[in-house]
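Shown below: structure.cif, with mmCIF, C-alpha atoms and all ligand atoms.
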data_input
#
loop_
_atom_site.label_atom_id
_atom_site.label_comp_id
_atom_site.auth_asym_id
_atom_site.auth_seq_id
_atom_site.Cartn_x
_atom_site.Cartn_y
_atom_site.Cartn_z
CA MET A 1 -269.59 226.73 143.29
CA THR A 2 -266.55 228.67 144.40
CA THR A 3 -266.04 230.72 147.53
CA ALA A 4 -263.74 233.68 148.07
CA PHE A 5 -260.21 232.40 147.72
CA PRO A 6 -257.53 234.81 148.99
CA GLY A 7 -256.69 233.86 152.50
CA GLY A 8 -258.84 230.74 152.14
CA ASN A 9 -258.59 227.96 154.60
CA PRO A 10 -257.38 224.53 153.35
CA SER A 11 -259.75 222.86 155.78
CA ASP A 12 -262.64 224.56 153.98
CA PRO A 13 -264.06 222.62 150.96
CA GLY A 14 -264.47 225.93 149.09
CA TYR A 15 -260.69 226.37 149.19
CA TRP A 16 -260.25 223.13 147.19
CA GLU A 17 -263.11 223.90 144.85
CA VAL A 18 -261.26 227.08 143.79
CA ILE A 19 -258.12 225.06 143.19
CA PHE A 20 -260.07 222.46 141.19
CA ASP A 21 -261.41 225.26 138.99
CA VAL A 22 -257.88 226.20 137.99
CA ILE A 23 -257.25 222.66 136.67
CA PRO A 24 -257.91 222.74 132.90
CA PHE A 25 -259.24 219.13 132.87
CA PRO A 26 -262.65 217.88 134.08
CA VAL A 27 -262.58 216.99 137.80
CA TYR A 28 -265.36 215.70 140.04
CA VAL A 29 -265.68 214.27 143.53
CA ALA A 30 -268.46 211.73 144.27
CA ASP A 31 -269.61 209.95 147.43
CA SER A 32 -268.23 206.40 147.32
CA THR A 33 -271.38 204.87 148.78
CA THR A 34 -274.22 206.87 147.26
CA PHE A 35 -272.46 207.99 144.05
CA ASP A 36 -273.75 211.50 144.74
CA ILE A 37 -271.65 214.22 143.17
CA ILE A 38 -270.09 216.39 145.85
CA CYS A 39 -268.41 218.89 143.58
CA ALA A 40 -267.27 219.36 139.96
CA ASN A 41 -264.85 221.94 138.56
CA ARG A 42 -265.35 224.50 135.83
CA ALA A 43 -263.84 222.31 133.05
CA MET A 44 -266.27 219.53 134.00
CA LEU A 45 -269.27 221.87 133.96
CA GLN A 46 -268.27 223.06 130.48
CA ARG A 47 -268.74 219.49 129.23
CA VAL A 48 -271.73 218.21 131.20
CA SER A 49 -274.28 219.85 133.38
CA VAL A 50 -273.91 218.35 136.86
CA ARG A 51 -275.15 219.56 140.20
CA PRO A 52 -274.14 218.49 143.70
CA GLY A 53 -276.36 215.58 144.72
CA ASP A 54 -276.77 214.20 141.16
CA LYS A 55 -275.76 210.56 140.76
CA CYS A 56 -272.42 210.57 138.89
CA TYR A 57 -273.43 207.66 136.61
CA ALA A 58 -276.68 209.42 135.62
CA ALA A 59 -275.35 212.96 135.28
CA ILE A 60 -272.05 212.17 133.53
CA TYR A 61 -272.71 208.90 131.71
CA GLN A 62 -276.53 208.87 131.44
CA GLN A 63 -276.67 205.40 133.01
CA PRO A 64 -279.53 204.19 135.25
CA ALA A 65 -277.09 202.42 137.61
CA PRO A 66 -273.37 202.59 138.43
CA CYS A 67 -271.34 202.16 135.25
CA THR A 68 -269.92 198.73 134.40
CA PHE A 69 -266.44 200.20 134.16
CA CYS A 70 -266.79 202.08 137.46
CA LYS A 71 -263.68 201.65 139.62
CA MET A 72 -265.49 202.46 142.87
CA PRO A 73 -265.32 198.84 144.13
CA GLU A 74 -261.57 198.73 143.55
CA LEU A 75 -261.10 202.13 145.17
CA GLU A 76 -263.25 201.01 148.09
CA SER A 77 -261.12 197.89 148.53
CA GLY A 78 -258.22 200.25 149.22
CA ALA A 79 -256.39 199.56 145.99
CA ALA A 80 -255.84 203.31 145.58
CA CYS A 81 -256.05 206.23 147.89
CA GLY A 82 -254.38 209.63 148.16
CA ALA A 83 -251.35 209.91 145.92
CA ASN A 84 -251.67 206.25 144.98
CA TYR A 85 -254.25 206.48 142.19
CA LEU A 86 -255.80 204.22 139.56
CA GLU A 87 -255.17 205.20 135.98
CA PHE A 88 -257.05 203.84 132.98
CA GLU A 89 -258.27 204.79 129.52
CA HIS A 90 -261.93 205.01 128.69
CA PHE A 91 -263.86 205.66 125.48
CA ASN A 92 -266.94 207.78 126.12
CA ASP A 93 -269.77 206.87 123.69
CA LEU A 94 -271.64 210.04 124.51
CA ASP A 95 -269.09 212.44 123.04
CA ASP A 96 -267.09 209.91 121.01
CA ARG A 97 -263.84 210.76 122.76
CA TRP A 98 -261.06 208.92 124.54
CA TYR A 99 -260.13 209.93 128.11
CA GLN A 100 -257.38 208.99 130.44
CA LEU A 101 -258.88 208.84 133.91
CA ARG A 102 -257.05 209.10 137.20
CA GLU A 103 -259.07 208.23 140.26
CA THR A 104 -258.33 207.95 143.95
CA MET A 105 -260.20 207.69 147.23
CA VAL A 106 -260.17 210.75 149.50
CA ALA A 107 -261.72 211.62 152.86
CA TRP A 108 -264.03 214.57 152.22
CA PHE A 109 -264.35 217.33 154.81
CA ASP A 110 -267.67 216.13 156.22
CA GLY A 111 -266.17 212.68 156.86
CA ARG A 112 -267.57 210.98 153.76
CA ARG A 113 -265.34 208.69 151.70
CA ALA A 114 -265.30 210.08 148.19
CA LYS A 115 -263.88 209.34 144.79
CA TYR A 116 -261.76 212.08 143.22
CA SER A 117 -261.70 211.72 139.40
CA ILE A 118 -259.80 213.72 136.83
CA ALA A 119 -260.17 213.09 133.09
CA VAL A 120 -257.72 214.13 130.35
CA ASP A 121 -258.98 214.09 126.77
CA ILE A 122 -256.48 211.90 124.86
CA SER A 123 -258.46 211.56 121.59
CA ALA A 124 -255.78 213.33 119.54
CA LEU A 125 -253.11 211.11 121.06
CA LYS A 126 -255.21 208.03 120.31
CA GLU A 127 -255.60 209.13 116.70
CA VAL A 128 -251.85 209.48 116.35
CA GLN A 129 -251.38 206.11 118.05
CA ASN A 130 -253.88 204.50 115.67
CA ALA A 131 -252.26 206.12 112.63
CA LEU A 132 -248.89 204.88 113.86
CA ALA A 133 -250.23 201.37 114.44
CA GLU A 134 -251.75 201.36 110.95
CA ALA A 135 -248.52 202.61 109.40
CA HIS A 136 -246.63 199.98 111.37
CA ALA A 137 -248.98 197.22 110.19
CA GLU A 138 -248.70 198.45 106.61
CA LEU A 139 -244.91 198.47 106.86
CA ALA A 140 -244.90 194.97 108.31
CA LEU A 141 -247.09 193.82 105.41
CA LYS A 142 -244.85 195.48 102.82
CA ASN A 143 -241.83 194.00 104.52
CA ARG A 144 -243.39 190.55 104.36
CA ARG A 145 -244.22 190.97 100.68
CA LEU A 146 -240.68 192.21 99.97
CA ASN A 147 -239.15 189.29 101.85
CA GLY A 148 -241.38 186.93 99.89
CA ALA A 149 -240.34 188.54 96.59
CA LEU A 150 -236.69 188.40 97.64
CA ALA A 151 -236.97 184.73 98.59
CA SER A 152 -238.52 183.79 95.25
CA GLU A 153 -235.96 185.92 93.39
CA GLN A 154 -233.19 184.12 95.27
CA GLU A 155 -234.77 180.81 94.42
CA VAL A 156 -234.97 181.73 90.73
CA THR A 157 -231.32 182.85 90.77
CA LEU A 158 -230.29 179.64 92.49
CA ASN A 159 -232.21 177.55 89.95
CA GLN A 160 -230.59 179.52 87.12
CA ARG A 161 -227.16 178.94 88.61
CA ASN A 162 -227.78 175.24 89.03
CA PHE A 163 -229.02 175.08 85.47
CA LEU A 164 -225.99 176.95 84.14
CA ALA A 165 -223.63 174.78 86.16
CA MET A 166 -225.31 171.73 84.70
CA VAL A 167 -225.20 173.11 81.14
CA SER A 168 -221.55 174.06 81.59
CA HIS A 169 -220.69 170.55 82.69
CA GLU A 170 -222.71 168.94 79.91
CA PHE A 171 -220.95 171.09 77.26
CA ARG A 172 -217.47 170.86 78.61
CA MET A 173 -217.44 167.08 78.87
CA PRO A 174 -217.92 166.37 75.14
CA LEU A 175 -215.62 169.29 74.31
CA SER A 176 -212.77 167.87 76.33
CA ILE A 177 -213.38 164.48 74.68
CA ILE A 178 -213.20 166.11 71.22
CA GLY A 179 -210.05 168.02 72.22
CA GLY A 180 -208.41 164.85 73.55
CA ALA A 181 -209.41 162.82 70.49
CA ALA A 182 -207.96 165.53 68.22
CA GLN A 183 -204.61 165.27 69.95
CA LEU A 184 -204.68 161.48 69.59
CA LEU A 185 -205.50 161.88 65.90
CA GLU A 186 -202.41 164.02 65.48
CA ILE A 187 -200.30 161.26 67.03
CA TYR A 188 -201.95 158.47 64.98
CA THR A 189 -201.48 160.33 61.70
CA ASN A 190 -197.81 160.65 62.43
CA GLY A 191 -197.76 164.40 61.99
CA LYS A 192 -199.03 164.36 58.36
CA GLN A 193 -199.46 167.96 57.25
CA GLU A 194 -203.10 167.77 55.99
CA ALA A 195 -204.16 165.87 59.09
CA GLY A 196 -202.32 168.41 61.24
CA GLU A 197 -204.27 171.26 59.65
CA GLU A 198 -207.58 169.49 60.23
CA VAL A 199 -206.60 168.78 63.82
CA ALA A 200 -205.69 172.44 64.29
CA LYS A 201 -209.15 173.40 62.98
CA ILE A 202 -210.81 171.06 65.46
CA ASP A 203 -208.63 172.53 68.17
CA ARG A 204 -209.63 176.09 67.25
CA ALA A 205 -213.30 175.14 67.15
CA VAL A 206 -213.01 173.53 70.57
CA HIS A 207 -211.39 176.69 71.93
CA ARG A 208 -214.07 178.90 70.38
CA MET A 209 -216.83 176.75 71.82
CA SER A 210 -215.14 176.79 75.20
CA ASP A 211 -214.85 180.61 75.02
CA LEU A 212 -218.52 180.79 74.15
CA ILE A 213 -219.44 178.80 77.24
CA ASP A 214 -217.20 181.11 79.26
CA VAL A 215 -219.06 184.16 77.97
CA CYS A 216 -222.46 182.61 78.65
CA LEU A 217 -221.48 181.64 82.12
CA ALA A 218 -219.45 184.72 82.91
CA ASP A 219 -222.48 186.81 83.80
CA ASP A 220 -223.58 184.30 86.39
CA ARG A 221 -220.10 183.71 87.71
CA LEU A 222 -219.48 187.41 87.54
CA THR A 223 -221.78 188.15 90.43
CA SER A 224 -220.07 185.69 92.72
CA ALA A 225 -216.61 186.21 91.22
CA VAL A 226 -216.78 189.98 91.62
CA ALA A 227 -217.95 189.49 95.18
CA ALA A 228 -214.92 187.29 95.84
CA LEU A 229 -212.20 188.82 93.65
CA GLN A 230 -208.86 187.10 94.19
CA VAL A 231 -206.88 190.31 94.07
CA ARG A 232 -203.09 190.29 94.05
CA ARG A 233 -200.32 192.47 92.65
CA THR A 234 -200.43 191.72 88.94
CA GLU A 235 -197.86 192.82 86.35
CA LEU A 236 -199.93 194.00 83.41
CA ALA A 237 -197.37 193.61 80.59
CA PRO A 238 -196.99 189.78 80.83
CA LEU A 239 -200.75 189.44 81.17
CA VAL A 240 -201.52 191.52 78.04
CA GLU A 241 -198.71 189.80 76.12
CA ASP A 242 -200.03 186.39 77.03
CA ILE A 243 -203.59 187.26 75.96
CA CYS A 244 -202.33 188.65 72.64
CA ARG A 245 -200.19 185.55 72.04
CA GLU A 246 -203.19 183.31 72.67
CA LYS A 247 -205.44 185.32 70.32
CA ALA A 248 -202.73 185.48 67.66
CA GLU A 249 -202.37 181.69 67.77
CA LEU A 250 -206.08 181.31 67.18
CA GLY A 251 -206.73 184.12 64.72
CA GLY A 252 -203.44 184.90 62.99
CA ALA A 253 -200.54 186.96 64.30
CA GLU A 254 -200.86 189.45 61.43
CA ARG A 255 -204.23 190.61 62.79
CA LEU A 256 -202.79 191.89 66.08
CA ARG A 257 -200.13 194.46 66.95
CA LEU A 258 -199.06 195.01 70.53
CA THR A 259 -197.19 198.04 71.85
CA ILE A 260 -196.00 198.11 75.43
CA GLY A 261 -195.05 201.55 76.72
CA ALA A 262 -194.21 201.73 80.40
CA SER A 263 -195.41 198.60 82.15
CA ALA A 264 -197.22 198.79 85.46
CA ALA A 265 -198.70 196.59 88.12
CA ALA A 266 -202.24 196.72 89.47
CA MET A 267 -204.00 195.11 92.37
CA ALA A 268 -206.14 192.79 90.29
CA ASP A 269 -207.63 189.36 89.88
CA PRO A 270 -205.60 188.25 86.82
CA ALA A 271 -208.16 185.65 85.71
CA MET A 272 -210.97 188.21 85.71
CA LEU A 273 -208.84 190.90 84.07
CA ARG A 274 -207.92 188.37 81.38
CA VAL A 275 -211.63 187.87 80.64
CA ALA A 276 -212.16 191.65 80.32
CA ILE A 277 -209.18 192.27 77.99
CA SER A 278 -209.95 189.14 75.96
CA ASN A 279 -213.52 190.32 75.39
CA LEU A 280 -212.24 193.62 73.93
CA LEU A 281 -209.81 191.79 71.66
CA ASP A 282 -212.44 189.29 70.57
CA ASN A 283 -214.80 192.14 69.65
CA ALA A 284 -212.13 194.07 67.80
CA LEU A 285 -211.26 190.98 65.74
CA LYS A 286 -214.92 190.06 65.29
CA TYR A 287 -216.16 193.46 64.13
CA SER A 288 -213.20 194.42 61.89
CA PRO A 289 -213.58 193.13 58.38
CA ALA A 290 -210.74 191.01 57.05
CA GLY A 291 -208.07 193.17 55.46
CA SER A 292 -209.06 196.26 57.41
CA GLY A 293 -205.70 196.41 59.14
CA PRO A 294 -204.46 194.97 62.42
CA VAL A 295 -206.06 195.45 65.82
CA LEU A 296 -203.79 197.72 67.83
CA VAL A 297 -203.32 196.79 71.47
CA SER A 298 -201.31 199.03 73.76
CA LEU A 299 -200.36 199.21 77.41
CA ASP A 300 -199.13 202.39 79.06
CA GLY A 301 -198.36 202.67 82.74
CA GLY A 302 -198.52 206.10 84.34
CA PRO A 303 -197.72 207.14 87.91
CA ALA A 304 -201.33 206.68 89.05
CA GLU A 305 -203.13 204.87 86.28
CA ALA A 306 -202.41 202.23 83.68
CA ARG A 307 -204.13 202.39 80.32
CA ILE A 308 -204.87 199.38 78.15
CA ALA A 309 -206.27 200.32 74.73
CA VAL A 310 -207.70 198.15 71.98
CA ALA A 311 -208.25 199.94 68.67
CA ASP A 312 -209.53 198.51 65.44
CA HIS A 313 -210.37 199.60 61.89
CA GLY A 314 -213.92 198.28 61.95
CA PRO A 315 -217.19 200.19 61.65
CA GLY A 316 -216.70 202.04 64.96
CA ILE A 317 -219.34 202.82 67.58
CA PRO A 318 -221.89 205.56 66.75
CA ALA A 319 -221.75 208.48 69.21
CA ASP A 320 -225.26 207.76 70.54
CA GLU A 321 -224.29 204.18 71.46
CA VAL A 322 -221.09 204.81 73.43
CA GLU A 323 -222.90 204.29 76.75
CA ARG A 324 -225.44 201.74 75.58
CA VAL A 325 -222.91 199.20 74.28
CA PHE A 326 -221.97 198.46 77.92
CA GLU A 327 -225.55 197.59 78.85
CA LYS A 328 -226.47 193.99 79.46
CA PHE A 329 -227.71 192.27 76.27
CA TYR A 330 -227.32 195.45 74.20
CA ARG A 331 -226.47 194.75 70.57
CA SER A 332 -226.14 197.51 68.06
CA PRO A 333 -228.70 197.35 65.19
CA SER A 334 -225.70 197.32 62.86
CA ALA A 335 -224.39 194.12 64.53
CA THR A 336 -227.18 191.88 63.24
CA GLY A 337 -224.90 190.06 60.83
CA THR A 338 -222.40 189.18 63.57
CA LYS A 339 -222.93 186.51 66.20
CA GLY A 340 -223.09 187.69 69.80
CA ALA A 341 -225.16 187.82 72.97
CA GLY A 342 -224.66 191.45 73.99
CA LEU A 343 -222.84 190.37 77.16
CA GLY A 344 -219.18 190.91 76.31
CA LEU A 345 -218.87 194.64 77.03
CA TYR A 346 -221.23 194.45 80.00
CA ILE A 347 -218.87 191.91 81.54
CA VAL A 348 -215.85 194.10 80.73
CA LYS A 349 -217.43 197.05 82.54
CA GLN A 350 -218.40 194.99 85.60
CA ILE A 351 -214.93 193.53 85.92
CA VAL A 352 -213.07 196.80 85.35
CA GLU A 353 -215.26 198.75 87.75
CA SER A 354 -214.93 196.06 90.40
CA HIS A 355 -211.17 196.76 90.18
CA GLY A 356 -211.74 200.47 90.78
CA GLY A 357 -211.11 201.27 87.12
CA ARG A 358 -213.23 202.44 84.18
CA VAL A 359 -213.77 201.52 80.57
CA GLN A 360 -214.64 203.93 77.77
CA VAL A 361 -215.00 203.82 74.05
CA ARG A 362 -214.02 206.51 71.63
CA PRO A 363 -216.69 206.75 68.97
CA GLY A 364 -215.16 205.99 65.65
CA SER A 365 -216.13 206.71 62.11
CA SER A 366 -213.94 205.53 59.31
CA ILE A 367 -211.10 204.85 61.71
CA GLY A 368 -212.92 202.23 63.79
CA SER A 369 -213.32 202.22 67.55
CA GLU A 370 -210.94 202.40 70.47
CA PHE A 371 -211.81 200.84 73.82
CA ILE A 372 -209.73 202.03 76.77
CA ILE A 373 -209.47 200.36 80.16
CA THR A 374 -207.99 202.53 82.90
CA LEU A 375 -206.84 200.86 86.12
CA PRO A 376 -205.35 202.29 89.30
CA VAL A 377 -201.67 201.42 89.50
CA ASP A 378 -200.21 199.56 92.46
CA PRO A 379 -196.95 201.40 93.21
CA GLU A 380 -193.65 199.56 93.31
CA PRO A 381 -193.26 197.99 96.76
CA ALA A 382 -190.57 199.76 98.79
CA ASP A 383 -187.50 197.55 99.49
P1 LIG A 401 -221.83 191.21 71.31
O1 LIG A 401 -220.52 191.44 70.64
O2 LIG A 401 -222.00 189.83 71.77
O3 LIG A 401 -222.98 191.73 70.53
P2 LIG A 401 -220.85 193.08 73.27
O4 LIG A 401 -221.41 193.43 74.58
O5 LIG A 401 -219.47 192.57 73.23
O6 LIG A 401 -221.87 192.04 72.66
O7 LIG A 401 -220.96 194.34 72.36
C1 LIG A 401 -222.14 195.12 72.32
C2 LIG A 401 -222.29 195.80 70.99
O8 LIG A 401 -221.27 196.76 70.84
C3 LIG A 401 -222.14 194.88 69.81
O9 LIG A 401 -223.38 194.30 69.45
C4 LIG A 401 -221.60 195.78 68.73
O10 LIG A 401 -222.67 196.44 68.10
C5 LIG A 401 -220.84 196.83 69.49
N1 LIG A 401 -219.38 196.60 69.46
C6 LIG A 401 -218.61 196.04 70.40
N2 LIG A 401 -217.33 196.05 70.08
C7 LIG A 401 -217.26 196.63 68.87
C8 LIG A 401 -216.18 196.95 67.97
N3 LIG A 401 -214.91 196.67 68.27
N4 LIG A 401 -216.49 197.57 66.82
C9 LIG A 401 -217.76 197.89 66.51
N5 LIG A 401 -218.81 197.62 67.29
C10 LIG A 401 -218.57 196.99 68.47
#
Would you give me this structure, written as structure tokens?
Ligand code: ADP
Amino acid sequence: MTTAFPGGNPSDPGYWEVIFDVIPFPVYVADSTTFDIICANRAMLQRVSVRPGDKCYAAIYQQPAPCTFCKMPELESGAACGANYLEFEHFNDLDDRWYQLRETMVAWFDGRRAKYSIAVDISALKEVQNALAEAHAELALKNRRLNGALASEQEVTLNQRNFLAMVSHEFRMPLSIIGGAAQLLEIYTNGKQEAGEEVAKIDRAVHRMSDLIDVCLADDRLTSAVAALQVRRTELAPLVEDICREKAELGGAERLRLTIGASAAAMADPAMLRVAISNLLDNALKYSPAGSGPVLVSLDGGPAEARIAVADHGPGIPADEVERVFEKFYRSPSATGTKGAGLGLYIVKQIVESHGGRVQVRPGSSIGSEFIITLPVDPEPAD
């Protein structure tokens, strides 16, 4: 099909046929009126056997008439000629491959109008495209499922919150009525000692019940409260003193001993920090048997960190539980005789960590346990 090239003449068809042979993709030229093949390059001949004069539709596509997808009419209408070509993708049933075709109308040397067609095998590209499309569809599906799961999780959380808010309200109302009635009783009984003691018992029970509601609700509030901590410079000594005073009033001053070393201030939400420290004190009092010695509370401010420790003379925490006691709903097997929900220490950890601090427990044996909260100190503001 080729003629001698060096020194070839561009006005000689053979010159172009040599150039076509260098192109690594199938190329053919066909008469636009008769569909006769004028020439085909080497890459084309390696795929199909075509000879000049064969009908392109018969030789290349084994069709009895011009192919339905043939662009000859469009090319004839002048839509594309010369450098302005038509480009389209075509799947060839005969070899099961995808091609990208570029076609244009050219004037052949003998004056015939002819279609110049070049085909690039893009099957590999198509496979990658399909794999990508599949992966994309799969991702979209997973995303939809995840969004669905998230929406129902949010709905469940919202329902839980509404329920807890309702429960909280329902419990607090009668409690405040009982508390109010107890105070009235004290007035009506004219401060009689026996009545006063009974009233004090009612008062303590109301406080305990109220604390219990706080603990139950704290986990739910925790999420939103931690997200919206009302942080301000907080002096730790008055806060710890106040908590100890409150606990001593409820449980007996002889059961608590407070030591303040150097005081310090921290950037903290005092209400949340109060919950954390109170939980440690409540546990220490709850788990130490009566007569086991006072719960020792201490505060020590250092240059960078403040340390609040609560030590008791109770059963202590076994070494293999020092991490687990901070898990949500974890209760030690040895705690079965004591009331609790397994939330107290979990809440302590969440609160302390949300303040950039940490809480640890020293495993005890006969000496009980010691819980230590460490908080970053807020340095004294410069005058
Ligand atoms: P709860 O006290 O409601 O069970 P917590 O989260 O406060 O839940 O405590 C988790 C577990 O850690 C308790 O069940 C108990 O076994 C153990 N624990 C907590 N504080 C003490 C303590 N001061 N002494 C001994 N064990 C404790």
*asked:* Which residues are near ligand LIG 401 (chain A) in this structure, taking near to mean any atom at most 7 Å from a ligand atom and counting only C-alpha atoms and all ligand atoms? Format them as an MDAnalysis selection string.
replied: chainID A and resid 279:280 283:284 287:288 312 314:317 325:326 329:335 339:346 368:369
*For A:Arg245, which of A:Leu146, A:Asp93, A:Leu281, A:Glu321 is the closest residue, counting all atoms listed in the file?*
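So, comparing all the options, the nearest one is A:Leu281.
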*Pick from A:Ile351, A:Val297, A:Leu75, A:Met166 nearest to A:Ala114, counting all atoms listed in the file*: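 Closest candidate: A:Leu75.
The residue set within 10 Å of A:Asp96, counting all atoms listed in the file and dropping same-chain residues fewer than 4 places from it, reads Phe91, Asn92 and Ser123 of chain A.
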_Taking 6 positions as the minimum chain separation for residues in the same chain, which residues sit within 8 Å of A:Val322 when counting all atoms listed in the file? Answer as a count of residues only._
4
*For A:Leu101, which residue among A:Val156, A:Arg255, A:Pro26, A:Asp211 is the nearest when counting all atoms listed in the file?*
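Of all the options, A:Pro26 lies closest to A:Leu101.
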*Nearest to A:Lys55: which of A:Cys39, A:Asn162, A:Thr34, A:His136 is it, counting all atoms listed in the file?*
A:Thr34
Got a minute to add N, CA, C and O atoms to stretch 278-290 of chain A and dump it as a PDB file, keeping the file's coordinate frame?
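Saved result, part13.pdb, follows:
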ATOM      1  N   SER A 278    -209.645 190.074  77.054  1.00  0.00           N
ATOM      2  CA  SER A 278    -209.950 189.140  75.960  1.00  0.00           C
ATOM      3  C   SER A 278    -211.234 189.538  75.255  1.00  0.00           C
ATOM      4  O   SER A 278    -211.324 189.470  74.024  1.00  0.00           O
ATOM      5  N   ASN A 279    -212.248 189.941  76.017  1.00  0.00           N
ATOM      6  CA  ASN A 279    -213.520 190.320  75.390  1.00  0.00           C
ATOM      7  C   ASN A 279    -213.325 191.481  74.424  1.00  0.00           C
ATOM      8  O   ASN A 279    -213.896 191.500  73.338  1.00  0.00           O
ATOM      9  N   LEU A 280    -212.479 192.474  74.819  1.00  0.00           N
ATOM     10  CA  LEU A 280    -212.240 193.620  73.930  1.00  0.00           C
ATOM     11  C   LEU A 280    -211.542 193.174  72.653  1.00  0.00           C
ATOM     12  O   LEU A 280    -211.880 193.612  71.552  1.00  0.00           O
ATOM     13  N   LEU A 281    -210.553 192.275  72.841  1.00  0.00           N
ATOM     14  CA  LEU A 281    -209.810 191.790  71.660  1.00  0.00           C
ATOM     15  C   LEU A 281    -210.717 190.972  70.741  1.00  0.00           C
ATOM     16  O   LEU A 281    -210.680 191.124  69.515  1.00  0.00           O
ATOM     17  N   ASP A 282    -211.528 190.119  71.366  1.00  0.00           N
ATOM     18  CA  ASP A 282    -212.440 189.290  70.570  1.00  0.00           C
ATOM     19  C   ASP A 282    -213.366 190.171  69.729  1.00  0.00           C
ATOM     20  O   ASP A 282    -213.599 189.914  68.554  1.00  0.00           O
ATOM     21  N   ASN A 283    -213.898 191.237  70.373  1.00  0.00           N
ATOM     22  CA  ASN A 283    -214.800 192.140  69.650  1.00  0.00           C
ATOM     23  C   ASN A 283    -214.076 192.833  68.509  1.00  0.00           C
ATOM     24  O   ASN A 283    -214.583 192.921  67.399  1.00  0.00           O
ATOM     25  N   ALA A 284    -212.872 193.341  68.824  1.00  0.00           N
ATOM     26  CA  ALA A 284    -212.130 194.070  67.800  1.00  0.00           C
ATOM     27  C   ALA A 284    -211.892 193.180  66.584  1.00  0.00           C
ATOM     28  O   ALA A 284    -212.054 193.601  65.431  1.00  0.00           O
ATOM     29  N   LEU A 285    -211.523 191.904  66.851  1.00  0.00           N
ATOM     30  CA  LEU A 285    -211.260 190.980  65.740  1.00  0.00           C
ATOM     31  C   LEU A 285    -212.565 190.620  65.023  1.00  0.00           C
ATOM     32  O   LEU A 285    -212.617 190.505  63.802  1.00  0.00           O
ATOM     33  N   LYS A 286    -213.640 190.493  65.848  1.00  0.00           N
ATOM     34  CA  LYS A 286    -214.920 190.060  65.290  1.00  0.00           C
ATOM     35  C   LYS A 286    -215.543 191.126  64.395  1.00  0.00           C
ATOM     36  O   LYS A 286    -216.095 190.832  63.350  1.00  0.00           O
ATOM     37  N   TYR A 287    -215.452 192.408  64.852  1.00  0.00           N
ATOM     38  CA  TYR A 287    -216.160 193.460  64.130  1.00  0.00           C
ATOM     39  C   TYR A 287    -215.309 194.132  63.029  1.00  0.00           C
ATOM     40  O   TYR A 287    -215.837 194.930  62.262  1.00  0.00           O
ATOM     41  N   SER A 288    -213.997 193.822  62.976  1.00  0.00           N
ATOM     42  CA  SER A 288    -213.200 194.420  61.890  1.00  0.00           C
ATOM     43  C   SER A 288    -213.225 193.492  60.691  1.00  0.00           C
ATOM     44  O   SER A 288    -212.909 192.308  60.833  1.00  0.00           O
ATOM     45  N   PRO A 289    -213.579 194.009  59.559  1.00  0.00           N
ATOM     46  CA  PRO A 289    -213.580 193.130  58.380  1.00  0.00           C
ATOM     47  C   PRO A 289    -212.152 192.683  58.036  1.00  0.00           C
ATOM     48  O   PRO A 289    -211.194 193.401  58.343  1.00  0.00           O
ATOM     49  N   ALA A 290    -212.064 191.520  57.438  1.00  0.00           N
ATOM     50  CA  ALA A 290    -210.740 191.010  57.050  1.00  0.00           C
ATOM     51  C   ALA A 290    -210.085 192.028  56.116  1.00  0.00           C
ATOM     52  O   ALA A 290    -210.756 192.645  55.291  1.00  0.00           O
TER      53      ALA A 290
END
